[in-house]
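Single-structure report; data block below.
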Amino acid sequence: MPFDGVVAKNVATELYDILVGGRIDKIYQPEQDEILIHIRTKGQNHKLLLSANASYPRIHLTGLSKENPMNPPVFCMLLRKHLQGGRIVNIEFYDFERIISIHVEALNEMGDTTYKKLLIEIMGKHSNIMLLNENNTIIDAIKHIDSDISRVREVMPARPYTFPPGQDKENPEKINLDEFIKKAKNQSGIRISKYLLNSIKGFSPLLCNEVCYRAQVDEKTPIDKLTDEELERIKNSLSAIISKISSSNFTPCIAWSDQTKRKPLDFHSLEITQYPILEYNSSICHILDLFYTSKDNAERLVQKKSALNKILNNYLDRCNKKIAIHQDTLRQVADRDKFKLYGELITANIYCIPKNAKKVSLLNYYSENNEYIDIPLDENLLPQDNAQMYFKKFAKAKNAFNYASAQLEDAYKELEYIESVIQNLDSATSTQEIEEIRQELVNVGYLSESRSSKNKKNVRPLEPYRYKSSDGYDILVGRNNVQNDILTLKTASSNDLWLHTKNIPGSHVIVKKQAGDIPDTTLIEAALIAAYHSKGKMSSHVEVDYTQVKNVKKPKGAKPGMVTYVNYKTIVVTPDENKIRNLEYKYKKVDKE
């Protein structure tokens, strides 16, 4: 867990500086294990979030607003009774344990001054939020732990509060590094990062790995395999980190998976140099709020995408089955012309064919080699009836061919459309993008109207992605099929340049025309952007077609985003990730959500 004892110290210090002296205005409990407190201090309003969520326990100031239940939970009502209107007089942090308490001075029903502690324990699935009186007796907790659950430590009303059992670790601010390293040399078989984790209070696996990374030592290396030089580097790295902790010289930062900042990886109060893409802020609360909000948004996007992907994949499977059936039908009627030939040959030789014959060999007068063909006959039918039988077989096979061909063409078009929606969904980076794709599916008929219509709001549609080429040309990219249609058929001028990946689902890309011809540099950059906004974004040698907008047409009745084009040329590009990052940085993509 990245929220370790060092982060807890940083949070407690920051909250002390900001909140002490402030008054508690309102208290809410938006989630079963989450408290949100509105605090007024120094002429400003703050929102303090305390969460005992098993996956993401934390405490920090937030800008987040959540919908609250109509009827406040019992624990929320209790906090309002004891804390609302009270003044925060102290915020404590306990010996690098992930425990922070907020001391509140408030008046009771009799008008007497009382002192309460709102305490949070950030301990994974054992996280809890408790209200204590001035004697450290538990008034109540957001999670009750009785003797049936834990024999070691009860968390119940009217029980005295006791700290969680100690772990026999050393306080980093009091550690003797020479003795610590000397003791480490006696360890055998244990990894160096594990030894640091088991020996120092407040250190998380992330921070232990950071110590090793700065010392240029593999964190998985057993201690007894380390050289004296490597141990010395560990000591120096540890000394530098402890020095910053002791002096509260924190550098709050968040690590991102890439330059798009869509997926947060980790955070800490100290610079985590093991990650290449870091974002810094002077406030650890800001970093925590950004991390967990981004994490929450990312998970919500995955959930929303998952629901739509399941529906789209069902349609995709159904479409592929249709294609297989129609292709099988076409194979079965591939030799349909022979039935017509049989009928014509039997009719031409009807008086030469004996009755009750099972087969007949007739000259194929269509053949240049004067070949004879053996034609099977039904012995119970007259020759003219056998001819009619073959003509009917031909007509039936011809109808089957025409029907299967038309249906196969429609199935391929549907497959192309579904794959384009899946590509758009995969590229979506916001809930509004996903909602616009959902509404598109409703309009096309893939989803029912009921649920979507209830959630309809007067939300302004998203703008296309915008780039600026190195030659100063505007490049617009559609986010979804509906936007692709608007961009190509309404926004773009007839002489603008239109680009799309060849035979690969992707976005429509428009290069806005200026005076003179579009430079090759801009053309290549636009092709790279088109390849990046397609299913082939991670492929090499992606073919991108380009033509003027006036050569792009939408067939009657075609689904959103589906167009035909003529008079085009093709350019081949390789949209590797590094090039895309450089493009995004260079052309400063603007997302006007």
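FYI, nothing fancy with the structure tokens labels: chains A, B, ... in order, residues from 1 per chain, ligands from 1 as they appear.
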Might you pull out every residue within 10 Å of range 353-362 of chain A, with only C-alpha atoms counted and same-chain residues fewer than 5 positions away left off, and present them as a ChimeraX atom specification? /A:342,345-348,370-384
Within 12 Å of Met123 in chain A, counting only C-alpha atoms, which residues qualify if same-chain residues fewer than 4 places away don't, as a list in words?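 Listing them by chain and then by number gives Met1, Pro2, Phe3, Asp4, Gly5, Ala8, Ser51, Ala52, Asn53, Ala54, Ser55, Tyr56, Pro57, Arg58, Ile59, Glu97, Arg98, Ile99, Ile100, Ser127, Asn128, Ile129, Pro164, Gly202 and Ser204 of chain A.
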With distances taken over only C-alpha atoms, which residue among A:Thr137, A:Ser150, A:Asn10, A:Asn45 lies nearest Ile91 in chain A?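 Nearest to Ile91 in chain A: A:Asn10.
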Taking 6 positions as the minimum chain separation for residues in the same chain, which residues sit within 10 Å of range 220-233 of chain A when counting only C-alpha atoms? Answer as JSON, numbers by chain. {"A": [178, 181, 182, 184, 185, 186, 187, 188, 189, 190, 191, 192, 193, 194, 195, 209, 211, 212, 214, 239]}
Put those residues in a file: N, CA, C and O atoms, as a CSV table (one decimal), in the first residue's frame.
chain,number,residue,atom,x,y,z
A,178,ASP,N,24.7,2.4,11.3
A,178,ASP,CA,25.8,1.5,11.3
A,178,ASP,C,25.4,0.2,12.0
A,178,ASP,O,25.8,-0.9,11.5
A,181,ILE,N,23.0,-1.8,9.5
A,181,ILE,CA,23.7,-2.5,8.4
A,181,ILE,C,24.5,-3.6,9.0
A,181,ILE,O,24.6,-4.7,8.4
A,182,LYS,N,25.1,-3.4,10.2
A,182,LYS,CA,25.9,-4.5,10.8
A,182,LYS,C,25.0,-5.7,11.1
A,182,LYS,O,25.3,-6.9,10.9
A,184,ALA,N,22.2,-6.3,9.5
A,184,ALA,CA,21.8,-6.9,8.3
A,184,ALA,C,22.7,-8.0,7.8
A,184,ALA,O,22.3,-9.0,7.2
A,185,LYS,N,24.0,-7.8,8.0
A,185,LYS,CA,25.0,-8.8,7.5
A,185,LYS,C,24.8,-10.2,8.1
A,185,LYS,O,25.3,-11.2,7.6
A,186,ASN,N,24.1,-10.2,9.3
A,186,ASN,CA,23.9,-11.5,9.9
A,186,ASN,C,22.7,-12.2,9.4
A,186,ASN,O,22.4,-13.3,9.8
A,187,GLN,N,21.9,-11.5,8.6
A,187,GLN,CA,20.7,-12.1,8.0
A,187,GLN,C,21.1,-13.1,6.8
A,187,GLN,O,22.1,-12.8,6.1
A,188,SER,N,20.3,-14.1,6.6
A,188,SER,CA,20.7,-15.0,5.6
A,188,SER,C,19.4,-15.4,4.8
A,188,SER,O,18.4,-15.7,5.4
A,189,GLY,N,19.4,-15.3,3.5
A,189,GLY,CA,18.3,-15.8,2.7
A,189,GLY,C,17.2,-14.8,2.5
A,189,GLY,O,16.4,-15.0,1.6
A,190,ILE,N,17.2,-13.7,3.2
A,190,ILE,CA,16.1,-12.7,3.1
A,190,ILE,C,16.5,-11.6,2.1
A,190,ILE,O,17.7,-11.2,2.1
A,191,ARG,N,15.6,-11.2,1.3
A,191,ARG,CA,15.8,-10.2,0.3
A,191,ARG,C,16.1,-8.8,1.0
A,191,ARG,O,15.4,-8.6,2.1
A,192,ILE,N,16.9,-8.0,0.4
A,192,ILE,CA,17.2,-6.7,1.1
A,192,ILE,C,16.0,-5.8,1.2
A,192,ILE,O,15.8,-5.2,2.3
A,193,SER,N,15.1,-5.8,0.2
A,193,SER,CA,13.9,-5.0,0.4
A,193,SER,C,12.9,-5.5,1.5
A,193,SER,O,12.3,-4.8,2.2
A,194,LYS,N,12.9,-6.8,1.6
A,194,LYS,CA,12.1,-7.5,2.6
A,194,LYS,C,12.6,-7.1,4.0
A,194,LYS,O,11.9,-6.9,5.0
A,195,TYR,N,14.0,-7.1,4.1
A,195,TYR,CA,14.6,-6.8,5.4
A,195,TYR,C,14.3,-5.4,5.8
A,195,TYR,O,14.0,-5.1,7.0
A,209,ASN,N,11.8,-0.4,-2.0
A,209,ASN,CA,12.3,-0.5,-3.4
A,209,ASN,C,13.0,0.8,-3.9
A,209,ASN,O,14.0,0.7,-4.6
A,211,VAL,N,14.7,2.8,-1.9
A,211,VAL,CA,16.0,2.8,-1.3
A,211,VAL,C,17.0,2.0,-2.1
A,211,VAL,O,18.1,2.4,-2.4
A,212,CYS,N,16.5,0.8,-2.6
A,212,CYS,CA,17.4,-0.1,-3.4
A,212,CYS,C,17.7,0.5,-4.7
A,212,CYS,O,18.8,0.4,-5.3
A,214,ARG,N,17.8,3.7,-5.6
A,214,ARG,CA,18.8,4.8,-5.5
A,214,ARG,C,20.2,4.3,-5.2
A,214,ARG,O,21.1,4.9,-5.6
A,239,SER,N,20.2,6.7,4.4
A,239,SER,CA,20.5,7.9,5.2
A,239,SER,C,19.9,9.2,4.6
A,239,SER,O,19.3,10.0,5.3
Env of Val566 in chain A: 10 Å cut, atoms = only C-alpha atoms, seq-sep filter 2 positions within chain, self excluded. Answer as a list of chain:residue names.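 Once the nearby chain positions are removed, what remains is A:Tyr546, A:Thr547, A:Gln548, A:Lys550, A:Asn551, A:Val552, A:Lys553, A:Thr564, A:Tyr568, A:Lys569.
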Considering only C-alpha atoms, return as a list in words whatever protein or nucleic-acid residues lie within 10 Å of Ile88 in chain A, sequence-local ones (same chain, fewer than 5 positions apart) excluded. Tyr16, Leu19, Val20, Gly21, Gly22, Arg23, Ile24, Ile39, Thr41, Leu83, Ile102, His103, Val104, Glu105, Ala106, Tyr115, Lys116 and Lys117 of chain A
Would you mind exporting the chosen residues as a PDB file, in the first residue's frame, restricted to C-alpha atoms?
ATOM      1  CA  TYR A  16      -2.288  20.454  11.283  1.00  0.00           C
ATOM      2  CA  LEU A  19      -7.129  22.801   9.855  1.00  0.00           C
ATOM      3  CA  VAL A  20      -6.160  23.499  13.465  1.00  0.00           C
ATOM      4  CA  GLY A  21      -8.348  26.312  14.715  1.00  0.00           C
ATOM      5  CA  GLY A  22     -11.045  25.552  12.133  1.00  0.00           C
ATOM      6  CA  ARG A  23     -14.675  24.761  12.938  1.00  0.00           C
ATOM      7  CA  ILE A  24     -16.567  21.714  11.775  1.00  0.00           C
ATOM      8  CA  ILE A  39     -14.466  22.649   7.825  1.00  0.00           C
ATOM      9  CA  THR A  41     -10.912  27.895   8.803  1.00  0.00           C
ATOM     10  CA  LEU A  83     -18.482  17.130  16.626  1.00  0.00           C
ATOM     11  CA  ILE A 102      -8.259  14.828  15.036  1.00  0.00           C
ATOM     12  CA  HIS A 103      -8.858  16.451  18.430  1.00  0.00           C
ATOM     13  CA  VAL A 104     -12.087  18.456  18.632  1.00  0.00           C
ATOM     14  CA  GLU A 105     -13.299  20.820  21.320  1.00  0.00           C
ATOM     15  CA  ALA A 106     -17.106  21.072  21.343  1.00  0.00           C
ATOM     16  CA  TYR A 115     -12.985  16.962  24.070  1.00  0.00           C
ATOM     17  CA  LYS A 116     -13.327  14.218  21.484  1.00  0.00           C
ATOM     18  CA  LYS A 117     -10.951  12.443  19.127  1.00  0.00           C
TER      19      LYS A 117
END
A:Asp485, A:Glu170, A:Glu121, A:Glu271: which is nearest Val563 in chain A, counting only C-alpha atoms?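 Of A:Asp485, A:Glu170, A:Glu121, A:Glu271, the one nearest Val563 in chain A, counting only C-alpha atoms, is A:Asp485.
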Would you list the contacts of Tyr280 in chain A as a list in words, taking every protein, DNA or RNA residue within 10 Å and counting only C-alpha atoms, but skipping same-chain residues closer than 3 positions in sequence?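 Selected residues are Thr251, Pro252, Cys253, Ile254, Ala255, Phe267, His268, Ser269, Leu270, Glu271, Ser283, Ile284, His286 and Ile287 of chain A.
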Could you find all residues in range 267-466 of chain A that DSSP calls strand (DSSP E) from the backbone, and write them as a count of residues only? 17
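Relative to CA of Leu425 in chain A, CA of Asn480 in chain A is found at 8.1 Å.
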